[in-house]
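Chemist: Okay, handing you the structure first.
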Amino acid sequence: MISSLPTMPALLEHMGWQAQRKRIGWLQFAMVCIAGGAHAASMAWPFAWGAALGLQPGQPAGWLQLLALLLLVAQVDGSRSWQRAAWLGGLFATAMLCGTFWWLYISMHDYGGLAAPLTVLAIVLLAALLALYYAAACGLFVALAPASRALRAMVFAALWLLAELARVKFFTGFPWGEGGYAHVDGWARPLAAWVGVHGLSFLAALLAAWLALCLRAAQIRWLSALGLAAAGVVLAWLPQSSWLVEDRPAPPEALALTLLQGNIPQNEKFETGTGVLTALNWYGEQLHGAKTSLVVAPETALPLLPQQLPEGYLQALQARFASGQQAALVGLPLGSYEAGYANAVVGLKPGASEPYRYDKHHLVPFGEFIPTGFRWFTNLMQIPLGDFNRGAVGQASFDWKGQRLAPNICYEDLFGEELGARFLDAAQAPTVFVNLSNIGWFGNTVAIDQHLQISRMRALEFERPMIRATNTGATVIIDHHGKVTHELARHTRGVLVGEVAGRGGITPYAWWVSRWGLWPLWLGAAGLLLLGWLGRRR
């Protein structure tokens with residue numbers, strides 16, 4: 001019996017191994033959380049420090065996004081079970097998503113009045129729910145990945161793409177913070193017009209996985225490394241404007257425009273005696289006094305229904321633009337209790353028998369519509385205008401001075417496949433995108449910078465300029481190369497005057513996404529998984 005007991009050295013060794021295992025677990029926990037936070041920061045660097053590493057406040061950092069994924073793949077690939085891999089992937093994604101949209105706290109607590117503990121819990125639960133896609137991706141990577149390093153990298157990239165697409169599609173979609181946006185500048189940007197942001201997410205995941213697997217094997221092949229370097233050089237020099245499936249001449253001349261930024265405090269915006277009065281007076285003065293061919297006021301610039309406006313207010317605006325050489329796009333709610341309400345844009349121009357109208361299609365959950373079973377949650381907050389009707393996908397553009405101006409409201413520009421529906425008919429395709437936003441709900445935070453990178457990516461994908469009129473920023477003019485050419489200081493009340501040159505032609509991305517949506521990506525990722533499964537069987 002005594003001889004069957006473990007010796008003291010063996011017992012100490014066993015205890016030491018257990019302690020080391022526990023210590024490594026905490027280190028892994030910290031590393032994965034830090035990597036997830038770094039991934040969130042790569043879309044728009046949120047700090048004032050970091051210049052020594054090339055990190056500029058508000059700017060994307062593609063290398064940081066690659067490093068974050070590389071660290072994740074290295075940890076997941078070393079997991080001994082798919083369950084542990086799923087846990088690590090979910091942990092990474094939860095940290096990533098909390099770090100991406102933490103500013104929801106401001107809208108829900110500061111403006112919505114939800115108790116702070118409930119607000120934090122709601123944000124963490126939302127992040128954890130969305131993180132399940134990435135947890136599944138990492139678990140399946142370990143369960144299905146073949147022995148071949150190249151096939152393993154492709155399987156990881158395909159699964160990561162499927163997780164990103166799930167965020168786009170399910171539960172109305174919320175893909176804010178997708179990895180591809182970190183590459184709006186840099187080596188991958190010429191490919192945006194071919195594969196879109198989701199394709200860039202796939203390529204970034206593929207590159208990060210390949211490097212991680214090579215490093216884990218301590219076996220970086222020089223030929224592969226040189227090939228990757230050569231591909232990067234080629235991509236960096238690829239032209240953008242010439243890669244058009246169907247080339248059409250650009251509109252004849254640039255359009256002079258005025259973009260309005262009212263900077264109405266969000267806690268006053270819908271208050272009758274303060275924000276509403278300020279908005280009606282200031283936007284009314286600017287609309288009547290504008291000198292350029294087009295003037296744009298942001299989302300819900302006029303925060304009342306037409307029937308609630310002061311008598312003669314809307315009629316005076318319509319008369320102002322009924323003749324002459326000027327037009328306006330103005331954000332305001334439309335509708336009635338019987339017909340329902342819409343978050344809308346009204347277009348006024350000379351010679352039009354009826355005002356142009358665009359109704360927002362992609363509504364914000366809890367802010368613009370109440371998901372089934374969650375009315376109790378919205379009742380805890382004090383957010384006005386909470387239940388709108390949806391507009392159709394692919395609504396007509398606003399024709400003015402030879403330009404076809406395609407409005408989108410708030411975070412609708414996050415869904416490129418929906419904007420792409422307007423490119424099915426090349427003759428009617430937009431020449432300029434117009435984003436009207438109010439993200440004053442999120443304060444003076446990195447949300448402004450993140451939304452700017454989203455708009456820049458849409459400009460790259462479709463090779464169309466994007467003009468943005470917002471309540472608090474970023475009010476900018478973006479050219480068809482995704483570069484900001486004019487910008488108004490944020491959280492100030494002001495007017496941005498500039499020019500925008502519309503564009504013709506159809507990019508490869510616009511061509512295929514207008515016909516098939518995101519199905520080529522879904523099917524391509526599934527095909528790679530099948531290839532990986534066959535490789536594993538061999």
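Chain labels follow the order of the structure tokens: the first chain is A, the next B, and so on; residue numbering restarts at 1 in every chain, and ligands are counted from 1 in their shown order.
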Need to verify the contact set: segment 300-312 of chain A, 7 Å, only C-alpha atoms, exclusion of same-chain residues closer than 4 positions in sequence. Can you return it as number ranges by chain?

Modeler: A: 270, 276, 279-280, 316, 330-334

Chemist: Determine the nearest neighbour of Trp194 of chain A from the options A:Phe398, A:Phe321, A:Tyr105, A:Trp512, counting only C-alpha atoms.

Modeler: A:Trp512

Chemist: Can you pull out the residues contacting segment 74-84 of chain A? Cut-off 6 Å, using only C-alpha atoms, and skip same-chain residues under 5 positions away; I want them as a ChimeraX atom specification.

Modeler: /A:139,142-143,212

Chemist: Any idea what's packed within 12 Å of Gly524 of chain A, counting only C-alpha atoms, ignoring anything in its chain fewer than 2 positions away? Could you give it as a ChimeraX atom specification?

Modeler: /A:154-155,157-159,161-162,195,198-199,202,518-522,526-531

Chemist: Show me, as a PyMOL selection string, the residues that have an atom within 7 Å of segment 475-477 of chain A when counting only C-alpha atoms, minus same-chain residues fewer than 6 positions from it.

Modeler: chain A and resi 261+466-469+484-488

Chemist: Can you write just those residues out, all heavy atoms, as an mmCIF file, in the first residue's frame?

Modeler:
data_model
loop_
_atom_site.group_PDB
_atom_site.id
_atom_site.type_symbol
_atom_site.label_atom_id
_atom_site.label_comp_id
_atom_site.auth_asym_id
_atom_site.auth_seq_id
_atom_site.Cartn_x
_atom_site.Cartn_y
_atom_site.Cartn_z
ATOM 1 N N GLN A 261 -24.127 71.573 -40.124
ATOM 2 C CA GLN A 261 -23.881 70.835 -38.886
ATOM 3 C C GLN A 261 -24.376 71.679 -37.718
ATOM 4 O O GLN A 261 -23.718 72.616 -37.276
ATOM 5 C CB GLN A 261 -22.382 70.529 -38.747
ATOM 6 C CG GLN A 261 -22.016 69.755 -37.492
ATOM 7 C CD GLN A 261 -20.553 69.366 -37.459
ATOM 8 O OE1 GLN A 261 -20.122 68.482 -38.199
ATOM 9 N NE2 GLN A 261 -19.763 70.041 -36.621
ATOM 10 N N MET A 466 -18.608 60.366 -51.295
ATOM 11 C CA MET A 466 -19.590 60.309 -50.214
ATOM 12 C C MET A 466 -19.560 61.655 -49.495
ATOM 13 O O MET A 466 -18.513 62.073 -48.999
ATOM 14 C CB MET A 466 -19.261 59.190 -49.231
ATOM 15 C CG MET A 466 -20.130 59.162 -47.985
ATOM 16 S SD MET A 466 -21.731 58.343 -48.192
ATOM 17 C CE MET A 466 -21.263 56.601 -48.124
ATOM 18 N N ILE A 467 -20.689 62.353 -49.485
ATOM 19 C CA ILE A 467 -20.778 63.580 -48.697
ATOM 20 C C ILE A 467 -21.594 63.277 -47.451
ATOM 21 O O ILE A 467 -22.560 62.520 -47.494
ATOM 22 C CB ILE A 467 -21.384 64.749 -49.513
ATOM 23 C CG1 ILE A 467 -22.799 64.417 -49.996
ATOM 24 C CG2 ILE A 467 -20.499 65.095 -50.695
ATOM 25 C CD1 ILE A 467 -23.471 65.547 -50.746
ATOM 26 N N ARG A 468 -21.170 63.863 -46.326
ATOM 27 C CA ARG A 468 -21.799 63.542 -45.041
ATOM 28 C C ARG A 468 -22.194 64.837 -44.338
ATOM 29 O O ARG A 468 -21.332 65.664 -44.036
ATOM 30 C CB ARG A 468 -20.848 62.729 -44.156
ATOM 31 C CG ARG A 468 -20.315 61.473 -44.810
ATOM 32 C CD ARG A 468 -19.468 60.656 -43.830
ATOM 33 N NE ARG A 468 -20.307 59.965 -42.858
ATOM 34 C CZ ARG A 468 -20.229 60.130 -41.554
ATOM 35 N NH1 ARG A 468 -19.350 60.974 -41.043
ATOM 36 N NH2 ARG A 468 -21.011 59.466 -40.739
ATOM 37 N N ALA A 469 -23.482 64.998 -44.075
ATOM 38 C CA ALA A 469 -23.993 66.105 -43.270
ATOM 39 C C ALA A 469 -24.500 65.506 -41.962
ATOM 40 O O ALA A 469 -25.406 64.668 -41.971
ATOM 41 C CB ALA A 469 -25.114 66.840 -43.992
ATOM 42 N N VAL A 484 -10.657 62.092 -47.517
ATOM 43 C CA VAL A 484 -11.418 63.246 -47.039
ATOM 44 C C VAL A 484 -10.803 64.510 -47.627
ATOM 45 O O VAL A 484 -9.640 64.816 -47.377
ATOM 46 C CB VAL A 484 -11.407 63.305 -45.500
ATOM 47 C CG1 VAL A 484 -12.121 64.561 -45.008
ATOM 48 C CG2 VAL A 484 -12.067 62.060 -44.913
ATOM 49 N N THR A 485 -11.582 65.248 -48.402
ATOM 50 C CA THR A 485 -11.074 66.467 -49.048
ATOM 51 C C THR A 485 -11.499 67.737 -48.313
ATOM 52 O O THR A 485 -10.820 68.754 -48.417
ATOM 53 C CB THR A 485 -11.559 66.545 -50.508
ATOM 54 O OG1 THR A 485 -13.003 66.562 -50.531
ATOM 55 C CG2 THR A 485 -11.064 65.346 -51.307
ATOM 56 N N HIS A 486 -12.640 67.704 -47.627
ATOM 57 C CA HIS A 486 -13.124 68.847 -46.849
ATOM 58 C C HIS A 486 -13.697 68.305 -45.544
ATOM 59 O O HIS A 486 -14.380 67.283 -45.537
ATOM 60 C CB HIS A 486 -14.227 69.615 -47.584
ATOM 61 C CG HIS A 486 -13.836 70.132 -48.936
ATOM 62 N ND1 HIS A 486 -13.679 69.312 -50.023
ATOM 63 C CD2 HIS A 486 -13.589 71.399 -49.374
ATOM 64 C CE1 HIS A 486 -13.347 70.042 -51.078
ATOM 65 N NE2 HIS A 486 -13.282 71.308 -50.712
ATOM 66 N N GLU A 487 -13.445 69.006 -44.443
ATOM 67 C CA GLU A 487 -13.932 68.535 -43.151
ATOM 68 C C GLU A 487 -14.245 69.711 -42.249
ATOM 69 O O GLU A 487 -13.500 70.692 -42.213
ATOM 70 C CB GLU A 487 -12.907 67.630 -42.474
ATOM 71 C CG GLU A 487 -13.383 67.021 -41.171
ATOM 72 C CD GLU A 487 -12.463 65.946 -40.646
ATOM 73 O OE1 GLU A 487 -11.347 65.786 -41.202
ATOM 74 O OE2 GLU A 487 -12.847 65.247 -39.686
ATOM 75 N N LEU A 488 -15.349 69.606 -41.511
ATOM 76 C CA LEU A 488 -15.770 70.616 -40.552
ATOM 77 C C LEU A 488 -15.376 70.158 -39.153
ATOM 78 O O LEU A 488 -15.442 68.970 -38.836
ATOM 79 C CB LEU A 488 -17.281 70.805 -40.639
ATOM 80 C CG LEU A 488 -17.901 72.025 -39.958
ATOM 81 C CD1 LEU A 488 -17.383 73.321 -40.577
ATOM 82 C CD2 LEU A 488 -19.425 71.967 -40.077
#

Chemist: Please identify all polymer residues within 8 Å of Gly532 of chain A, counting only C-alpha atoms, omitting same-chain residues fewer than 6 positions from it, and present them as a list in words.

Modeler: Leu144, Ala145, Pro146, Leu151, Arg152, Met154 and Val155 of chain A

Chemist: For the residues in that selection, give me N, CA and C atoms as a compact mmCIF listing (two decimals), in the first residue's frame.

Modeler:
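What follows is the written file selection-v8.txt:
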# COMPACT_ATOMS: atom_id res chain seq x y z
N LEU A 144 -12.13 20.95 -37.47
CA LEU A 144 -12.14 20.59 -38.89
C LEU A 144 -10.81 20.80 -39.60
N ALA A 145 -9.91 21.58 -39.02
CA ALA A 145 -8.72 22.01 -39.76
C ALA A 145 -7.85 20.83 -40.16
N PRO A 146 -7.40 20.80 -41.41
CA PRO A 146 -6.52 19.73 -41.89
C PRO A 146 -5.08 19.95 -41.43
N LEU A 151 -4.01 24.92 -46.00
CA LEU A 151 -5.44 24.64 -45.89
C LEU A 151 -5.98 25.10 -44.54
N ARG A 152 -5.20 24.95 -43.46
CA ARG A 152 -5.65 25.41 -42.15
C ARG A 152 -5.88 26.91 -42.16
N MET A 154 -6.67 28.74 -44.74
CA MET A 154 -7.86 29.02 -45.53
C MET A 154 -9.13 28.68 -44.76
N VAL A 155 -9.09 27.58 -44.00
CA VAL A 155 -10.26 27.20 -43.21
C VAL A 155 -10.55 28.26 -42.15

Chemist: Counting only C-alpha atoms, give me one row per residue of segment 449-520 of chain A with an atom at most 10 Å from an atom of segment 431-444 of chain A, showing the shortest contact pair and its distance in Å to one decimal, sorted by chain then residue number, as a Markdown table.

Modeler:
| residue | atom | partner | partner_atom | distance |
| --- | --- | --- | --- | --- |
| A:Asp449 | CA | A:Asn444 | CA | 9.7 |
| A:His451 | CA | A:Ile439 | CA | 9.0 |
| A:Ser455 | CA | A:Asn435 | CA | 8.2 |
| A:Arg458 | CA | A:Phe433 | CA | 8.9 |
| A:Ala459 | CA | A:Phe433 | CA | 8.1 |
| A:Phe462 | CA | A:Thr431 | CA | 9.6 |
| A:Glu463 | CA | A:Thr431 | CA | 9.1 |
| A:Arg464 | CA | A:Val432 | CA | 5.7 |
| A:Pro465 | CA | A:Val432 | CA | 5.3 |
| A:Met466 | CA | A:Phe433 | CA | 4.6 |
| A:Ile467 | CA | A:Val434 | CA | 5.0 |
| A:Arg468 | CA | A:Asn435 | CA | 4.7 |
| A:Ala469 | CA | A:Leu436 | CA | 5.1 |
| A:Thr470 | CA | A:Ser437 | CA | 4.7 |
| A:Asn471 | CA | A:Asn438 | CA | 5.0 |
| A:Thr472 | CA | A:Gly440 | CA | 5.7 |
| A:Gly473 | CA | A:Ile439 | CA | 7.7 |
| A:Ala474 | CA | A:Ser437 | CA | 9.0 |
| A:Thr475 | CA | A:Ser437 | CA | 9.0 |
| A:Val476 | CA | A:Asn435 | CA | 9.9 |
| A:Ile477 | CA | A:Val434 | CA | 9.5 |
| A:Ile478 | CA | A:Phe433 | CA | 9.6 |
| A:Asp479 | CA | A:Val432 | CA | 9.4 |
| A:His480 | CA | A:Val432 | CA | 8.9 |
| A:Arg490 | CA | A:Asn444 | CA | 8.1 |
| A:His491 | CA | A:Asn444 | CA | 7.2 |
| A:Val500 | CA | A:Val432 | CA | 8.1 |
| A:Ala501 | CA | A:Val432 | CA | 8.0 |
| A:Gly502 | CA | A:Thr431 | CA | 4.8 |
| A:Arg503 | CA | A:Thr431 | CA | 4.9 |
| A:Gly504 | CA | A:Thr431 | CA | 6.0 |
| A:Gly505 | CA | A:Thr431 | CA | 8.9 |

Chemist: Quick one: pull the distance between atom CA of Trp49 of chain A and atom CA of Ala61 of chain A, Å, one decimal.

Modeler: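 Atom-to-atom, atom CA of Trp49 of chain A to atom CA of Ala61 of chain A, that is 13.6 Å.
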
Chemist: What lies within 10 Å of Tyr181 of chain A using only C-alpha atoms, ignoring chain neighbours under 3 positions off, as a list of chain:residue names?

Modeler: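 So the residues in contact are A:Ser42, A:Met43, A:Ala44, A:Pro60, A:Ala61, A:Gly62, A:Gln65, A:Trp176, A:Gly177, A:Glu178, A:Val184, A:Asp185, A:Arg189, A:Gly196, A:Val197, A:His198, A:Leu200, A:Ser201, A:Gln450, A:Gln453, A:Ile454, A:Ser455, A:Arg456, A:Met457.
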
Chemist: Print the selection's residues with C-alpha atoms to a file, as a PDB file, in the first residue's frame.

Modeler:
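Below you can see selection.pdb, which holds the result:
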ATOM      1  CA  SER A  42      -7.522  49.068 -35.200  1.00  0.00           C
ATOM      2  CA  MET A  43     -10.654  50.460 -36.892  1.00  0.00           C
ATOM      3  CA  ALA A  44      -9.999  53.946 -35.499  1.00  0.00           C
ATOM      4  CA  PRO A  60      -7.262  53.009 -38.927  1.00  0.00           C
ATOM      5  CA  ALA A  61      -4.294  50.715 -38.268  1.00  0.00           C
ATOM      6  CA  GLY A  62      -4.301  47.671 -40.517  1.00  0.00           C
ATOM      7  CA  GLN A  65      -5.735  44.307 -36.831  1.00  0.00           C
ATOM      8  CA  TRP A 176     -19.934  47.591 -36.778  1.00  0.00           C
ATOM      9  CA  GLY A 177     -16.196  47.131 -36.203  1.00  0.00           C
ATOM     10  CA  GLU A 178     -15.563  44.491 -38.870  1.00  0.00           C
ATOM     11  CA  VAL A 184      -9.314  51.455 -45.644  1.00  0.00           C
ATOM     12  CA  ASP A 185      -5.762  52.811 -45.892  1.00  0.00           C
ATOM     13  CA  ARG A 189      -7.393  49.339 -50.289  1.00  0.00           C
ATOM     14  CA  GLY A 196     -15.635  44.851 -50.691  1.00  0.00           C
ATOM     15  CA  VAL A 197     -15.012  45.113 -46.979  1.00  0.00           C
ATOM     16  CA  HIS A 198     -15.988  41.483 -46.315  1.00  0.00           C
ATOM     17  CA  LEU A 200     -10.816  42.408 -47.137  1.00  0.00           C
ATOM     18  CA  SER A 201     -11.788  40.802 -43.815  1.00  0.00           C
ATOM     19  CA  GLN A 450     -15.422  54.691 -36.837  1.00  0.00           C
ATOM     20  CA  GLN A 453     -14.012  54.932 -41.883  1.00  0.00           C
ATOM     21  CA  ILE A 454     -17.222  53.105 -42.814  1.00  0.00           C
ATOM     22  CA  SER A 455     -18.190  55.894 -45.221  1.00  0.00           C
ATOM     23  CA  ARG A 456     -14.678  55.933 -46.686  1.00  0.00           C
ATOM     24  CA  MET A 457     -14.892  52.194 -47.344  1.00  0.00           C
TER      25      MET A 457
END

Chemist: Under the rule that only C-alpha atoms are counted, which of A:Ala192, A:Ala525, A:Leu27, A:Val73 is the nearest residue to Gly482 of chain A?

Modeler: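 Closest to Gly482 of chain A, using only C-alpha atoms: A:Ala192.
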
Chemist: For a test of reading the model, state the distance in Å between atom CA of Ala344 of chain A and atom CA of Lys360 of chain A, rounded to one decimal.

Modeler: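 Taking atom CA of Ala344 of chain A as the start and atom CA of Lys360 of chain A as the end point, the length is 5.9 Å.
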
Chemist: Any chance you could list, as an MDAnalysis selection string, the residues in segment 53-225 of chain A that come up alpha helix (DSSP H) when DSSP is run on the backbone?

Modeler: chainID A and resid 62:77 82:100 104:105 116:144 149:169 192:216 222:225

Chemist: So that I can check the secondary structure, give me every residue of segment 454-506 of chain A assigned strand (DSSP E or B) by backbone DSSP, as an MDAnalysis selection string.

Modeler: chainID A and resid 466:470 476:478 484:487 494:500 506

Chemist: Create the file for the chosen residues now, containing C-alpha atoms and written as a CSV table (one decimal), in the first residue's frame.

Modeler:
chain,number,residue,atom,x,y,z
A,466,MET,CA,-19.6,60.3,-50.2
A,467,ILE,CA,-20.8,63.6,-48.7
A,468,ARG,CA,-21.8,63.5,-45.0
A,469,ALA,CA,-24.0,66.1,-43.3
A,470,THR,CA,-24.2,65.3,-39.6
A,476,VAL,CA,-17.1,65.9,-44.6
A,477,ILE,CA,-16.6,65.5,-48.3
A,478,ILE,CA,-15.0,62.2,-49.3
A,484,VAL,CA,-11.4,63.2,-47.0
A,485,THR,CA,-11.1,66.5,-49.0
A,486,HIS,CA,-13.1,68.8,-46.8
A,487,GLU,CA,-13.9,68.5,-43.2
A,494,GLY,CA,-21.0,75.5,-38.7
A,495,VAL,CA,-21.3,75.3,-42.4
A,496,LEU,CA,-19.0,73.3,-44.8
A,497,VAL,CA,-18.8,74.7,-48.3
A,498,GLY,CA,-17.1,72.7,-51.0
A,499,GLU,CA,-17.4,70.8,-54.3
A,500,VAL,CA,-18.0,67.2,-55.2
A,506,ILE,CA,-19.5,50.2,-62.3

Chemist: So how far away is atom CA of Lys291 of chain A from atom CA of Glu354 of chain A, in Å?

Modeler: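 Pair atom CA of Glu354 of chain A / atom CA of Lys291 of chain A returns 22.9 Å.
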
Chemist: With only C-alpha atoms as the basis for distance, which of A:Ala339, A:Leu414, A:Ala52, A:Leu317 is at the shortest distance from Pro355 of chain A?

Modeler: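 For Pro355 of chain A, the nearest of the candidates is A:Leu317.
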
Chemist: A:Asn389, A:Gly99, A:Phe174, A:Pro298: which is nearest Gly340 of chain A, counting only C-alpha atoms?

Modeler: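 Ranked by minimum distance to Gly340 of chain A, first place goes to A:Asn389.
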
Chemist: My list of candidates is A:Thr172, A:Thr274, A:Gln266, A:Ser397. Which is closest to Leu329 of chain A when distances are computed with only C-alpha atoms?

Modeler: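 Of A:Thr172, A:Thr274, A:Gln266, A:Ser397, the one nearest Leu329 of chain A, counting only C-alpha atoms, is A:Ser397.
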